[in-house]
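Okay, so here's the structure we're looking at.
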Amino acid sequence: MRRWAAIVIAGMLGGVILPILAVLAFPSLAGHNLWEAMEYLGPERMFHLVPASAPGVKPIAYLDPNMAHAVCRIDLTRGPSRIISQLDAVFWSVGVFNAHGLNLYSLNSRTSGRSDLDLLLIRSSELTPLGLNPPPILEQAVVADFTVNSVIVVLRAFVPDSTLVAEISDQLTSADCDAPFQLEPPEAEPEPSDAVPIIAD
């Protein structure tokens, strides 16, 4: 019964509340340098769990207490970044923010049409030339392009029960923020030759 109630609540959150929170996730830091504010969590291109409010820990305002959050900072001048995650949560969402905390892109488990997350973040100037001969990654992943050089990715998952906090938190931090991929298009196969081979005597 509790599980069904959790699923119903997650559906309500996913349909109404969470798309709004995706835009308002960091209102207290909007206009400030979110990139620097998140440095304490750890190195770039790795997901780090955002600690819950506790003595000695400065919480981030307006984060949903029913969700677990992980953050990954990405400097896109070092190249595109592919994010891969397999979450068992009833509901997950991902938001991409600029260095000042403004939401640039949002996606969740309901709007993505798939259970896993496969997201390629790339600068617009690098994506445009690929349209002439698109590599397979553009068909495999959801592609989001940006004109900014630095982004902060916030991955969130619904926690229906306190006993699942550790499990869902582990899934968030296990997400790959720098998964391998190829931007080079596949090599064309050589066309068969019509020439008749010459057999020497």
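Labeling convention for the structure tokens: chains A, B, ... as they appear, residues from 1 per chain, ligands from 1 in order of appearance.
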Report as JSON lines the residues of region 98-162 of chain A within 7 Å of region 84-88 of chain A, each with its shortest atom pair and distance in Å (one decimal), using only C-alpha atoms, ordered by chain and increasing residue number.
```
{"residue": "A:Asp116", "atom": "CA", "partner": "A:Gln86", "partner_atom": "CA", "distance": 4.8}
{"residue": "A:Leu117", "atom": "CA", "partner": "A:Ser85", "partner_atom": "CA", "distance": 5.0}
{"residue": "A:Asp118", "atom": "CA", "partner": "A:Ile84", "partner_atom": "CA", "distance": 4.6}
{"residue": "A:Leu119", "atom": "CA", "partner": "A:Ile84", "partner_atom": "CA", "distance": 6.6}
```
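The residue that comes closest to Pro180 (chain A), out of A:Thr111, A:Ser81, A:Asn103, A:Asn98 and on the basis of only C-alpha atoms, is A:Ser81.
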Using only C-alpha atoms, determine which residues lie at most 9 Å from Arg73 (chain A), disregarding the query and same-chain residues fewer than 6 positions distant; provide the list as a PDB file with C-alpha atoms, in the first residue's frame.
```pdb
ATOM      1  CA  TRP A  35      30.172  27.289 -10.407  1.00  0.00           C
ATOM      2  CA  MET A  38      29.710  24.090  -6.033  1.00  0.00           C
ATOM      3  CA  GLU A  39      33.516  23.715  -6.026  1.00  0.00           C
ATOM      4  CA  PRO A  43      36.354  17.782  -9.006  1.00  0.00           C
ATOM      5  CA  GLU A  44      34.755  18.493 -12.361  1.00  0.00           C
ATOM      6  CA  ARG A  45      33.132  15.849 -14.585  1.00  0.00           C
ATOM      7  CA  MET A  46      32.140  13.696 -11.625  1.00  0.00           C
ATOM      8  CA  PHE A  47      28.800  13.515  -9.839  1.00  0.00           C
ATOM      9  CA  SER A 150      30.529  26.101 -18.371  1.00  0.00           C
ATOM     10  CA  VAL A 151      27.475  24.212 -17.111  1.00  0.00           C
ATOM     11  CA  ILE A 152      26.365  22.602 -13.861  1.00  0.00           C
ATOM     12  CA  VAL A 153      24.335  19.413 -14.138  1.00  0.00           C
ATOM     13  CA  VAL A 154      21.944  18.570 -11.302  1.00  0.00           C
ATOM     14  CA  CYS A 177      29.364  12.445 -16.110  1.00  0.00           C
TER      15      CYS A 177
END
```
Nearest to Leu130 (chain A), chosen from A:Arg156, A:Ala175, A:Tyr40, A:Gln182, with only C-alpha atoms counted in the distances: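 The answer is A:Gln182, which sits nearest to Leu130 (chain A).
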Atomic separation - CA of Leu49 (chain A) relative to CA of Val142 (chain A), Å: 23.4 Å
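Considering only C-alpha atoms, the residue among A:Ala89, A:Val159, A:Leu183, A:Val165 positioned nearest to Ile122 (chain A) is A:Leu183.
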Contacts of region 131-138 of chain A within 9 Å, only C-alpha atoms, excl. fewer than 2 positions in-chain, as a list in words: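 The filter keeps Leu120, Leu127, Thr128, Pro129, Gln140, Ala141, Val142, Val143, Phe181, Gln182, Leu183, Glu184, Pro185 and Pro186 of chain A.
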